[in-house]
Amino acid sequence: MNKQQVRLATQAETEIRKYQDDLVSWFKHICNIELRAPQILWMDEVLSNQFYLLIAPPRFGKTFLIEMVCLYEAATTPFEEGRTWAPKESQAMDSLRYQLNAIKNSEILWNYLNWDSGKRMFSSTRYEFINRSNWHIHGILGEFEGVNCTIIRGEEFDDLSIERFENRVIPRGGAKNRNGKPTRIRLTGTIQEAKGNIYTYDMNDTCAIATKFPVELGIALGFYDEQIIELARENLTEEEYRRIYQLEYTSGRNFIWEEKLERCQWLAKEKQWEGVPFLPGERYNPVGRVYCGFDCGHSGTSSTASYYSIQIYEIIGEMALWLYGMNWEPTTDPVTLIGDMVDLWYYYRIEGGYGDALKADLIAQMNDALYNARLIRTDRVKFPENSPSNWNHWDFAPQWNTGRAKWIWAGILKNRIERARLLIPRFDAKDDRPIARNCRLMCSRLLNVREEPTENHQYAKLEYINPKLGDDDFDATCMCMGVVNDRLGANVALGLLGTSGKASKMGGLREKAIASEIRTDNRQGFNW
């Protein structure tokens, strides 16, 4: 550092010390940030507890608050070594960005940065002050041997691997700290699982839990746009909304059990499966065989009109891997639908699929377009009549997704999920890519279906719970499981079908009654 830099750093340190015992004044003076009442309360809680978990609805300011406390401690206490872990390094980078932006916007903190080889020690992944306090970021699956911490930050805590966090991350804070302060652990997140990491730590007496502010209080305090929150509610199941926005530990008991679906998502996370983004014009090279389900629903312009939905899965042995899903407005031009279907079929190398017979004429046109593009083998001219007797000869076959057939295909889907034979990616709520948005929406729709008894009691009727959320992706996924079962074969344990620990609502329908309708031959494949 030259003399000018030393002089500025000394002046900056004087200003940093001026209000260090008054957080509100400190942030106003140093960062030009005016803290709100909940933030002041949380800051006091953070600084009073060594092990702290902050739970709040999305966009409530929890990450910003914790990062500001960490910045305050790094600036006022020498030799702090802060480290942030998140499910991905990019998420940890987003978290650290709050500190970095505050530093850039503060002339005092900017001049307090340390220098190395003529450059400020400041980048998108790290920074260091003159007092040798510094901060770095890591992805939970990365390598970080040799890292030492005085402050451990866990971001998006419900999405972290708890085994890796406890076995690999927490030991990073085990050494005696040079500045004499104890190692502090700060965790933040929304409740993504009924009984996940946050639930476990919330029930642990050794962890201090932040004062909880549900979304209703956030609306009253002016933190939220009430219309946006209402829109979020429409796109979530009731259990998801109560958990994420009202901070309740709920566990849905609908046709698809949430805890079973989460298990499939965690398995996908362990295997680092994140689907396959759609790249028009290119081609995906599958390991297994690819099939799709296409739901048409009822067209219209109302808020509850069904969307067109396609869900695409790759089958490898007993495992079904979700590749991609896509929705279209119910008023979409059929020419657009046909063109998009050809592009999807080309990119993912789809071998076959079922589509809702409600739009059998549209599916017939799609078959013609796919054959003309040399993407399917069967020329529909050989089976020209658009009737159920010919449909099964088509590569992309219309099927009535109602009643008994829907229940059977839904049972296959449920069975796969309960046996963890379905890999569905788990995307962070902040991930705004089309594949992430589509996958989160599909998972919500899988959970938005319940059973209702029918008059003959032979099988249950499956209906959506939230009409604005609908069940289009559920139906498309069921049809995909149906075509996989019919054309490829599936190992279905029918005795596992049910919706609770009690007797199934499905009534007196026995396995033998439907065994003839479901192929259960084993198929050898990759060992997952």
# chains A, B, ... in the order shown; residues from 1 in each chain; ligands from 1
>>> residues_around(residues="Leu236 in chain A", least_positions_apart="5", cutoff="9 Å", atoms="only C-alpha atoms", output="CSV table (one decimal) with C-alpha atoms, in the first residue's frame")
chain,number,residue,atom,x,y,z
A,241,TYR,CA,-48.3,-21.9,0.9
A,441,LEU,CA,-44.6,-25.9,-11.4
A,444,SER,CA,-46.7,-28.3,-7.4
A,445,ARG,CA,-49.2,-29.8,-9.8
A,448,ASN,CA,-52.4,-30.7,-6.3
A,466,ASN,CA,-56.5,-25.8,-6.3
A,469,LEU,CA,-53.1,-24.4,-10.2
>>> residues_around(residues="Ile376 in chain A", least_positions_apart="5", cutoff="9 Å", atoms="only C-alpha atoms", output="list in words")
Ile350, Glu351, Gly352, Asn367, Leu370, Tyr371, Asp395 and Phe396 of chain A
>>> closest_residue(among="A:Lys461, A:His29, A:Lys212, A:Arg283", to="Leu247 in chain A", atoms="only C-alpha atoms")
A:Lys212
>>> select_by_dssp(residues="range 311-441 of chain A", states="alpha helix (DSSP H)", output="VMD selection string")
chain A and resid 334 to 348 360 to 372 388 to 391 403 to 418 434 to 441
>>> closest_residue(among="A:Leu422, A:Ile338, A:Ala210, A:Val290", to="Ala373 in chain A", atoms="only C-alpha atoms")
A:Ile338
>>> select_by_dssp(residues="range 107-245 of chain A", states="strand (DSSP E or B)", output="number ranges by chain")
A: 113, 115-116, 119-120, 122, 126-129, 134-139, 151-154, 184-189, 208-209
>>> residues_around(residues="Glu67 in chain A", least_positions_apart="5", cutoff="8 Å", atoms="only C-alpha atoms", output="MDAnalysis selection string")
chainID A and resid 95:96 98:99
>>> residues_around(residues="Gly482 in chain A", least_positions_apart="5", cutoff="12 Å", atoms="only C-alpha atoms", output="ChimeraX atom specification")
/A:291-294,313,352-356,397-401,405-414,416,475-477,487-490,492,517-519
>>> write_last_selection(atoms="N, CA, C and O atoms", output="CSV table (one decimal), in the first residue's frame")
chain,number,residue,atom,x,y,z
A,291,TYR,N,-39.5,-40.9,-23.6
A,291,TYR,CA,-41.0,-40.9,-23.9
A,291,TYR,C,-41.6,-39.6,-23.4
A,291,TYR,O,-41.0,-39.0,-22.5
A,292,CYS,N,-42.8,-39.3,-23.9
A,292,CYS,CA,-43.5,-38.1,-23.4
A,292,CYS,C,-44.9,-38.3,-23.2
A,292,CYS,O,-45.5,-39.3,-23.7
A,293,GLY,N,-45.5,-37.5,-22.4
A,293,GLY,CA,-47.0,-37.4,-22.2
A,293,GLY,C,-47.4,-36.0,-22.5
A,293,GLY,O,-46.7,-35.0,-22.2
A,294,PHE,N,-48.6,-35.8,-23.2
A,294,PHE,CA,-49.0,-34.5,-23.7
A,294,PHE,C,-50.5,-34.4,-23.3
A,294,PHE,O,-51.4,-35.1,-23.7
A,313,TYR,N,-39.6,-37.8,-20.2
A,313,TYR,CA,-38.8,-38.6,-19.3
A,313,TYR,C,-37.9,-39.6,-20.1
A,313,TYR,O,-38.3,-40.1,-21.2
A,352,GLY,N,-41.7,-42.2,-28.4
A,352,GLY,CA,-43.1,-42.4,-28.4
A,352,GLY,C,-43.8,-41.6,-27.3
A,352,GLY,O,-43.1,-41.1,-26.4
A,353,GLY,N,-45.1,-41.5,-27.4
A,353,GLY,CA,-45.8,-40.8,-26.3
A,353,GLY,C,-47.3,-41.0,-26.4
A,353,GLY,O,-47.8,-41.5,-27.4
A,354,TYR,N,-48.0,-40.6,-25.3
A,354,TYR,CA,-49.4,-40.6,-25.3
A,354,TYR,C,-49.9,-39.1,-25.2
A,354,TYR,O,-49.3,-38.3,-24.5
A,355,GLY,N,-50.9,-38.8,-25.9
A,355,GLY,CA,-51.5,-37.5,-25.9
A,355,GLY,C,-53.0,-37.6,-25.6
A,355,GLY,O,-53.7,-38.6,-25.9
A,356,ASP,N,-53.5,-36.5,-25.0
A,356,ASP,CA,-54.9,-36.5,-24.6
A,356,ASP,C,-55.8,-36.6,-25.8
A,356,ASP,O,-55.8,-35.8,-26.7
A,397,ALA,N,-49.7,-41.6,-29.7
A,397,ALA,CA,-51.0,-42.1,-29.7
A,397,ALA,C,-52.0,-41.3,-28.8
A,397,ALA,O,-51.7,-41.1,-27.6
A,398,PRO,N,-53.1,-40.9,-29.3
A,398,PRO,CA,-54.2,-40.3,-28.5
A,398,PRO,C,-54.7,-41.4,-27.5
A,398,PRO,O,-54.9,-42.5,-27.9
A,399,GLN,N,-55.0,-41.0,-26.3
A,399,GLN,CA,-55.6,-41.8,-25.3
A,399,GLN,C,-56.5,-41.0,-24.4
A,399,GLN,O,-56.2,-39.9,-24.1
A,400,TRP,N,-57.6,-41.6,-24.0
A,400,TRP,CA,-58.5,-41.0,-23.1
A,400,TRP,C,-57.9,-41.0,-21.7
A,400,TRP,O,-57.8,-42.1,-21.1
A,401,ASN,N,-57.6,-39.9,-21.1
A,401,ASN,CA,-56.9,-39.8,-19.8
A,401,ASN,C,-58.0,-39.5,-18.8
A,401,ASN,O,-58.0,-38.5,-18.1
A,405,ALA,N,-58.5,-45.6,-16.8
A,405,ALA,CA,-57.2,-45.5,-17.4
A,405,ALA,C,-56.3,-44.5,-16.6
A,405,ALA,O,-55.1,-44.7,-16.3
A,406,LYS,N,-56.9,-43.3,-16.3
A,406,LYS,CA,-56.2,-42.3,-15.5
A,406,LYS,C,-55.7,-42.8,-14.2
A,406,LYS,O,-54.6,-42.6,-13.7
A,407,TRP,N,-56.6,-43.6,-13.5
A,407,TRP,CA,-56.3,-44.1,-12.2
A,407,TRP,C,-55.1,-45.1,-12.3
A,407,TRP,O,-54.2,-45.1,-11.4
A,408,ILE,N,-55.1,-45.9,-13.3
A,408,ILE,CA,-54.1,-46.9,-13.5
A,408,ILE,C,-52.7,-46.2,-13.7
A,408,ILE,O,-51.7,-46.6,-13.1
A,409,TRP,N,-52.7,-45.3,-14.6
A,409,TRP,CA,-51.5,-44.6,-14.9
A,409,TRP,C,-51.0,-43.8,-13.8
A,409,TRP,O,-49.8,-43.7,-13.5
A,410,ALA,N,-51.9,-43.2,-13.0
A,410,ALA,CA,-51.5,-42.4,-11.8
A,410,ALA,C,-51.0,-43.4,-10.8
A,410,ALA,O,-50.0,-43.0,-10.0
A,411,GLY,N,-51.5,-44.6,-10.7
A,411,GLY,CA,-51.0,-45.5,-9.8
A,411,GLY,C,-49.5,-45.9,-10.1
A,411,GLY,O,-48.7,-46.1,-9.2
A,412,ILE,N,-49.2,-46.0,-11.4
A,412,ILE,CA,-47.9,-46.3,-11.8
A,412,ILE,C,-46.9,-45.2,-11.4
A,412,ILE,O,-45.8,-45.4,-10.9
A,413,LEU,N,-47.4,-44.0,-11.6
A,413,LEU,CA,-46.6,-42.8,-11.2
A,413,LEU,C,-46.4,-42.8,-9.7
A,413,LEU,O,-45.2,-42.6,-9.2
A,414,LYS,N,-47.4,-43.0,-8.9
A,414,LYS,CA,-47.3,-43.0,-7.5
A,414,LYS,C,-46.4,-44.1,-7.0
A,414,LYS,O,-45.6,-43.9,-6.1
A,416,ARG,N,-43.8,-45.4,-8.7
A,416,ARG,CA,-42.5,-45.0,-8.9
A,416,ARG,C,-41.9,-44.0,-7.9
A,416,ARG,O,-40.8,-44.1,-7.4
A,475,ASP,N,-51.4,-34.8,-15.3
A,475,ASP,CA,-52.0,-35.7,-16.3
A,475,ASP,C,-50.9,-36.0,-17.4
A,475,ASP,O,-50.9,-37.2,-17.9
A,476,ALA,N,-50.1,-35.1,-17.8
A,476,ALA,CA,-49.1,-35.3,-18.8
A,476,ALA,C,-48.1,-36.4,-18.3
A,476,ALA,O,-47.7,-37.3,-19.0
A,477,THR,N,-47.7,-36.2,-17.0
A,477,THR,CA,-46.8,-37.2,-16.5
A,477,THR,C,-47.4,-38.6,-16.4
A,477,THR,O,-46.7,-39.6,-16.6
A,487,ARG,N,-45.4,-49.8,-23.6
A,487,ARG,CA,-44.5,-50.0,-24.7
A,487,ARG,C,-43.1,-50.5,-24.3
A,487,ARG,O,-42.4,-51.0,-25.1
A,488,LEU,N,-42.8,-50.2,-23.0
A,488,LEU,CA,-41.4,-50.5,-22.6
A,488,LEU,C,-41.4,-51.6,-21.5
A,488,LEU,O,-40.5,-52.4,-21.4
A,489,GLY,N,-42.5,-51.5,-20.7
A,489,GLY,CA,-42.5,-52.4,-19.5
A,489,GLY,C,-42.1,-51.7,-18.3
A,489,GLY,O,-41.2,-50.9,-18.2
A,490,ALA,N,-42.8,-52.1,-17.2
A,490,ALA,CA,-42.4,-51.5,-15.9
A,490,ALA,C,-42.7,-52.5,-14.8
A,490,ALA,O,-43.5,-53.4,-14.9
A,492,VAL,N,-44.1,-52.8,-11.6
A,492,VAL,CA,-45.1,-52.1,-10.7
A,492,VAL,C,-45.5,-53.0,-9.5
A,492,VAL,O,-46.1,-54.1,-9.7
A,517,GLU,N,-54.0,-55.5,-17.2
A,517,GLU,CA,-54.0,-54.2,-17.9
A,517,GLU,C,-52.6,-53.5,-17.8
A,517,GLU,O,-52.3,-52.6,-18.4
A,518,ILE,N,-51.8,-54.1,-16.9
A,518,ILE,CA,-50.5,-53.4,-16.7
A,518,ILE,C,-49.4,-54.5,-16.8
A,518,ILE,O,-49.4,-55.5,-16.2
A,519,ARG,N,-48.5,-54.2,-17.8
A,519,ARG,CA,-47.3,-55.1,-18.0
A,519,ARG,C,-46.4,-54.9,-16.8
A,519,ARG,O,-46.0,-53.8,-16.4
>>> closest_residue(among="A:Phe213, A:Phe383, A:Tyr127, A:Trp85", to="Lys62 in chain A", atoms="only C-alpha atoms")
A:Phe213
>>> closest_residue(among="A:Ile185, A:Ile312, A:Val342, A:Ile244", to="Gly281 in chain A", atoms="only C-alpha atoms")
A:Val342
>>> residues_around(residues="Phe474 in chain A", least_positions_apart="3", cutoff="9 Å", atoms="only C-alpha atoms", output="list in words")
Asp295, Gln311, Ala410, Met442, Cys443, Arg445, Leu446, Leu447, Asn448, Val449, Gly470, Asp471, Thr477, Cys478 and Met479 of chain A
>>> residues_around(residues="range 8-12 of chain A", least_positions_apart="5", cutoff="8 Å", atoms="only C-alpha atoms", output="PDB file with N, CA, C and O atoms, in the first residue's frame")
ATOM      1  N   ILE A 108     -16.284   4.649   2.744  1.00  0.00           N
ATOM      2  CA  ILE A 108     -15.506   4.263   3.923  1.00  0.00           C
ATOM      3  C   ILE A 108     -15.040   2.816   3.805  1.00  0.00           C
ATOM      4  O   ILE A 108     -13.858   2.510   3.971  1.00  0.00           O
ATOM      5  N   LEU A 109     -15.972   1.888   3.529  1.00  0.00           N
ATOM      6  CA  LEU A 109     -15.600   0.475   3.420  1.00  0.00           C
ATOM      7  C   LEU A 109     -14.724   0.222   2.197  1.00  0.00           C
ATOM      8  O   LEU A 109     -13.822  -0.635   2.232  1.00  0.00           O
ATOM      9  N   ASN A 111     -12.463   2.143   0.943  1.00  0.00           N
ATOM     10  CA  ASN A 111     -11.094   2.537   1.271  1.00  0.00           C
ATOM     11  C   ASN A 111     -10.488   1.678   2.383  1.00  0.00           C
ATOM     12  O   ASN A 111      -9.288   1.775   2.648  1.00  0.00           O
ATOM     13  N   TYR A 112     -11.355   0.849   3.013  1.00  0.00           N
ATOM     14  CA  TYR A 112     -10.860  -0.029   4.082  1.00  0.00           C
ATOM     15  C   TYR A 112     -10.421  -1.392   3.553  1.00  0.00           C
ATOM     16  O   TYR A 112      -9.921  -2.220   4.288  1.00  0.00           O
ATOM     17  N   LEU A 113     -10.626  -1.634   2.252  1.00  0.00           N
ATOM     18  CA  LEU A 113     -10.199  -2.900   1.661  1.00  0.00           C
ATOM     19  C   LEU A 113      -8.685  -3.006   1.640  1.00  0.00           C
ATOM     20  O   LEU A 113      -7.972  -2.018   1.457  1.00  0.00           O
ATOM     21  N   ILE A 130      -8.453  -4.237   5.676  1.00  0.00           N
ATOM     22  CA  ILE A 130      -7.133  -3.937   6.228  1.00  0.00           C
ATOM     23  C   ILE A 130      -6.893  -4.693   7.540  1.00  0.00           C
ATOM     24  O   ILE A 130      -5.771  -5.085   7.850  1.00  0.00           O
TER      25      ILE A 130
END
>>> residues_around(residues="Gln272 in chain A", least_positions_apart="5", cutoff="12 Å", atoms="only C-alpha atoms", output="ChimeraX atom specification")
/A:87-88,141,161,265-267,321,423-427
>>> decode(residues="range 269-314 of chain A", atoms="N, CA and C atoms", output="PDB file, in the first residue's frame")
ATOM      1  N   LYS A 269     -30.690 -34.869  -6.474  1.00  0.00           N
ATOM      2  CA  LYS A 269     -29.651 -33.935  -6.045  1.00  0.00           C
ATOM      3  C   LYS A 269     -28.352 -34.678  -5.739  1.00  0.00           C
ATOM      4  N   GLU A 270     -28.472 -35.829  -5.075  1.00  0.00           N
ATOM      5  CA  GLU A 270     -27.289 -36.633  -4.765  1.00  0.00           C
ATOM      6  C   GLU A 270     -26.584 -37.080  -6.036  1.00  0.00           C
ATOM      7  N   LYS A 271     -27.373 -37.414  -7.055  1.00  0.00           N
ATOM      8  CA  LYS A 271     -26.791 -37.869  -8.316  1.00  0.00           C
ATOM      9  C   LYS A 271     -26.504 -36.715  -9.262  1.00  0.00           C
ATOM     10  N   GLN A 272     -26.730 -35.471  -8.752  1.00  0.00           N
ATOM     11  CA  GLN A 272     -26.480 -34.248  -9.512  1.00  0.00           C
ATOM     12  C   GLN A 272     -27.242 -34.237 -10.843  1.00  0.00           C
ATOM     13  N   TRP A 273     -28.491 -34.735 -10.773  1.00  0.00           N
ATOM     14  CA  TRP A 273     -29.346 -34.735 -11.962  1.00  0.00           C
ATOM     15  C   TRP A 273     -30.177 -33.464 -11.969  1.00  0.00           C
ATOM     16  N   GLU A 274     -30.057 -32.662 -13.014  1.00  0.00           N
ATOM     17  CA  GLU A 274     -30.760 -31.386 -13.093  1.00  0.00           C
ATOM     18  C   GLU A 274     -31.554 -31.248 -14.381  1.00  0.00           C
ATOM     19  N   GLY A 275     -31.992 -32.368 -14.941  1.00  0.00           N
ATOM     20  CA  GLY A 275     -32.755 -32.306 -16.170  1.00  0.00           C
ATOM     21  C   GLY A 275     -31.884 -31.921 -17.349  1.00  0.00           C
ATOM     22  N   VAL A 276     -32.528 -31.700 -18.495  1.00  0.00           N
ATOM     23  CA  VAL A 276     -31.806 -31.355 -19.723  1.00  0.00           C
ATOM     24  C   VAL A 276     -32.484 -30.138 -20.359  1.00  0.00           C
ATOM     25  N   PRO A 277     -31.887 -28.960 -20.258  1.00  0.00           N
ATOM     26  CA  PRO A 277     -32.499 -27.763 -20.851  1.00  0.00           C
ATOM     27  C   PRO A 277     -32.708 -27.931 -22.352  1.00  0.00           C
ATOM     28  N   PHE A 278     -33.791 -27.369 -22.842  1.00  0.00           N
ATOM     29  CA  PHE A 278     -34.141 -27.453 -24.257  1.00  0.00           C
ATOM     30  C   PHE A 278     -33.303 -26.456 -25.052  1.00  0.00           C
ATOM     31  N   LEU A 279     -32.542 -26.971 -26.022  1.00  0.00           N
ATOM     32  CA  LEU A 279     -31.687 -26.135 -26.878  1.00  0.00           C
ATOM     33  C   LEU A 279     -32.103 -26.351 -28.328  1.00  0.00           C
ATOM     34  N   PRO A 280     -33.031 -25.542 -28.827  1.00  0.00           N
ATOM     35  CA  PRO A 280     -33.537 -25.736 -30.194  1.00  0.00           C
ATOM     36  C   PRO A 280     -32.409 -25.795 -31.215  1.00  0.00           C
ATOM     37  N   GLY A 281     -32.532 -26.740 -32.133  1.00  0.00           N
ATOM     38  CA  GLY A 281     -31.538 -26.888 -33.196  1.00  0.00           C
ATOM     39  C   GLY A 281     -30.439 -27.869 -32.875  1.00  0.00           C
ATOM     40  N   GLU A 282     -30.229 -28.150 -31.579  1.00  0.00           N
ATOM     41  CA  GLU A 282     -29.213 -29.120 -31.197  1.00  0.00           C
ATOM     42  C   GLU A 282     -29.887 -30.451 -30.906  1.00  0.00           C
ATOM     43  N   ARG A 283     -29.102 -31.449 -30.441  1.00  0.00           N
ATOM     44  CA  ARG A 283     -29.688 -32.763 -30.153  1.00  0.00           C
ATOM     45  C   ARG A 283     -29.112 -33.322 -28.866  1.00  0.00           C
ATOM     46  N   TYR A 284     -29.991 -33.866 -28.045  1.00  0.00           N
ATOM     47  CA  TYR A 284     -29.599 -34.525 -26.812  1.00  0.00           C
ATOM     48  C   TYR A 284     -29.309 -35.992 -27.101  1.00  0.00           C
ATOM     49  N   ASN A 285     -28.286 -36.542 -26.482  1.00  0.00           N
ATOM     50  CA  ASN A 285     -27.927 -37.951 -26.671  1.00  0.00           C
ATOM     51  C   ASN A 285     -28.307 -38.745 -25.424  1.00  0.00           C
ATOM     52  N   PRO A 286     -29.468 -39.362 -25.409  1.00  0.00           N
ATOM     53  CA  PRO A 286     -29.909 -40.089 -24.213  1.00  0.00           C
ATOM     54  C   PRO A 286     -29.141 -41.388 -24.017  1.00  0.00           C
ATOM     55  N   VAL A 287     -29.048 -41.787 -22.752  1.00  0.00           N
ATOM     56  CA  VAL A 287     -28.478 -43.092 -22.423  1.00  0.00           C
ATOM     57  C   VAL A 287     -29.549 -44.165 -22.555  1.00  0.00           C
ATOM     58  N   GLY A 288     -30.769 -43.823 -22.117  1.00  0.00           N
ATOM     59  CA  GLY A 288     -31.873 -44.763 -22.189  1.00  0.00           C
ATOM     60  C   GLY A 288     -32.820 -44.433 -23.325  1.00  0.00           C
ATOM     61  N   ARG A 289     -34.102 -44.619 -23.084  1.00  0.00           N
ATOM     62  CA  ARG A 289     -35.120 -44.376 -24.102  1.00  0.00           C
ATOM     63  C   ARG A 289     -36.056 -43.287 -23.608  1.00  0.00           C
ATOM     64  N   VAL A 290     -36.456 -42.412 -24.509  1.00  0.00           N
ATOM     65  CA  VAL A 290     -37.175 -41.196 -24.126  1.00  0.00           C
ATOM     66  C   VAL A 290     -38.634 -41.271 -24.581  1.00  0.00           C
ATOM     67  N   TYR A 291     -39.545 -40.942 -23.645  1.00  0.00           N
ATOM     68  CA  TYR A 291     -40.975 -40.926 -23.922  1.00  0.00           C
ATOM     69  C   TYR A 291     -41.584 -39.639 -23.378  1.00  0.00           C
ATOM     70  N   CYS A 292     -42.802 -39.346 -23.854  1.00  0.00           N
ATOM     71  CA  CYS A 292     -43.455 -38.114 -23.398  1.00  0.00           C
ATOM     72  C   CYS A 292     -44.941 -38.338 -23.164  1.00  0.00           C
ATOM     73  N   GLY A 293     -45.519 -37.453 -22.366  1.00  0.00           N
ATOM     74  CA  GLY A 293     -46.967 -37.388 -22.183  1.00  0.00           C
ATOM     75  C   GLY A 293     -47.418 -35.982 -22.512  1.00  0.00           C
ATOM     76  N   PHE A 294     -48.572 -35.849 -23.182  1.00  0.00           N
ATOM     77  CA  PHE A 294     -49.042 -34.545 -23.656  1.00  0.00           C
ATOM     78  C   PHE A 294     -50.496 -34.380 -23.257  1.00  0.00           C
ATOM     79  N   ASP A 295     -50.752 -33.406 -22.376  1.00  0.00           N
ATOM     80  CA  ASP A 295     -52.114 -33.143 -21.916  1.00  0.00           C
ATOM     81  C   ASP A 295     -52.657 -31.916 -22.625  1.00  0.00           C
ATOM     82  N   CYS A 296     -53.878 -32.018 -23.104  1.00  0.00           N
ATOM     83  CA  CYS A 296     -54.486 -30.905 -23.839  1.00  0.00           C
ATOM     84  C   CYS A 296     -55.458 -30.119 -22.977  1.00  0.00           C
ATOM     85  N   GLY A 297     -56.285 -30.787 -22.230  1.00  0.00           N
ATOM     86  CA  GLY A 297     -57.224 -30.092 -21.374  1.00  0.00           C
ATOM     87  C   GLY A 297     -58.285 -29.338 -22.158  1.00  0.00           C
ATOM     88  N   HIS A 298     -59.011 -28.517 -21.462  1.00  0.00           N
ATOM     89  CA  HIS A 298     -60.094 -27.734 -22.075  1.00  0.00           C
ATOM     90  C   HIS A 298     -59.600 -26.332 -22.370  1.00  0.00           C
ATOM     91  N   SER A 299     -59.786 -25.881 -23.565  1.00  0.00           N
ATOM     92  CA  SER A 299     -59.355 -24.538 -23.945  1.00  0.00           C
ATOM     93  C   SER A 299     -60.286 -23.492 -23.346  1.00  0.00           C
ATOM     94  N   GLY A 300     -59.797 -22.272 -23.319  1.00  0.00           N
ATOM     95  CA  GLY A 300     -60.601 -21.179 -22.800  1.00  0.00           C
ATOM     96  C   GLY A 300     -59.716 -20.038 -22.364  1.00  0.00           C
ATOM     97  N   THR A 301     -60.333 -18.976 -21.918  1.00  0.00           N
ATOM     98  CA  THR A 301     -59.590 -17.788 -21.490  1.00  0.00           C
ATOM     99  C   THR A 301     -59.750 -17.509 -20.005  1.00  0.00           C
ATOM    100  N   SER A 302     -60.473 -18.359 -19.281  1.00  0.00           N
ATOM    101  CA  SER A 302     -60.664 -18.133 -17.848  1.00  0.00           C
ATOM    102  C   SER A 302     -59.389 -18.480 -17.100  1.00  0.00           C
ATOM    103  N   SER A 303     -59.312 -18.047 -15.833  1.00  0.00           N
ATOM    104  CA  SER A 303     -58.113 -18.295 -15.025  1.00  0.00           C
ATOM    105  C   SER A 303     -57.941 -19.760 -14.685  1.00  0.00           C
ATOM    106  N   THR A 304     -59.008 -20.557 -14.853  1.00  0.00           N
ATOM    107  CA  THR A 304     -58.915 -21.980 -14.535  1.00  0.00           C
ATOM    108  C   THR A 304     -58.865 -22.856 -15.786  1.00  0.00           C
ATOM    109  N   ALA A 305     -58.698 -22.264 -16.956  1.00  0.00           N
ATOM    110  CA  ALA A 305     -58.615 -23.052 -18.189  1.00  0.00           C
ATOM    111  C   ALA A 305     -57.354 -23.898 -18.173  1.00  0.00           C
ATOM    112  N   SER A 306     -57.466 -25.129 -18.688  1.00  0.00           N
ATOM    113  CA  SER A 306     -56.321 -26.034 -18.702  1.00  0.00           C
ATOM    114  C   SER A 306     -55.296 -25.597 -19.739  1.00  0.00           C
ATOM    115  N   TYR A 307     -54.038 -25.798 -19.399  1.00  0.00           N
ATOM    116  CA  TYR A 307     -52.950 -25.485 -20.314  1.00  0.00           C
ATOM    117  C   TYR A 307     -52.564 -26.747 -21.084  1.00  0.00           C
ATOM    118  N   TYR A 308     -51.956 -26.547 -22.227  1.00  0.00           N
ATOM    119  CA  TYR A 308     -51.279 -27.658 -22.887  1.00  0.00           C
ATOM    120  C   TYR A 308     -50.001 -27.942 -22.096  1.00  0.00           C
ATOM    121  N   SER A 309     -49.687 -29.206 -21.911  1.00  0.00           N
ATOM    122  CA  SER A 309     -48.491 -29.559 -21.148  1.00  0.00           C
ATOM    123  C   SER A 309     -47.824 -30.783 -21.756  1.00  0.00           C
ATOM    124  N   ILE A 310     -46.514 -30.738 -21.882  1.00  0.00           N
ATOM    125  CA  ILE A 310     -45.745 -31.915 -22.257  1.00  0.00           C
ATOM    126  C   ILE A 310     -44.712 -32.173 -21.168  1.00  0.00           C
ATOM    127  N   GLN A 311     -44.573 -33.425 -20.771  1.00  0.00           N
ATOM    128  CA  GLN A 311     -43.556 -33.836 -19.808  1.00  0.00           C
ATOM    129  C   GLN A 311     -42.762 -34.971 -20.440  1.00  0.00           C
ATOM    130  N   ILE A 312     -41.442 -34.841 -20.400  1.00  0.00           N
ATOM    131  CA  ILE A 312     -40.545 -35.752 -21.117  1.00  0.00           C
ATOM    132  C   ILE A 312     -39.641 -36.471 -20.129  1.00  0.00           C
ATOM    133  N   TYR A 313     -39.591 -37.789 -20.227  1.00  0.00           N
ATOM    134  CA  TYR A 313     -38.796 -38.606 -19.312  1.00  0.00           C
ATOM    135  C   TYR A 313     -37.891 -39.552 -20.097  1.00  0.00           C
ATOM    136  N   GLU A 314     -36.727 -39.801 -19.522  1.00  0.00           N
ATOM    137  CA  GLU A 314     -35.804 -40.800 -20.063  1.00  0.00           C
ATOM    138  C   GLU A 314     -35.826 -42.008 -19.141  1.00  0.00           C
TER     139      GLU A 314
END
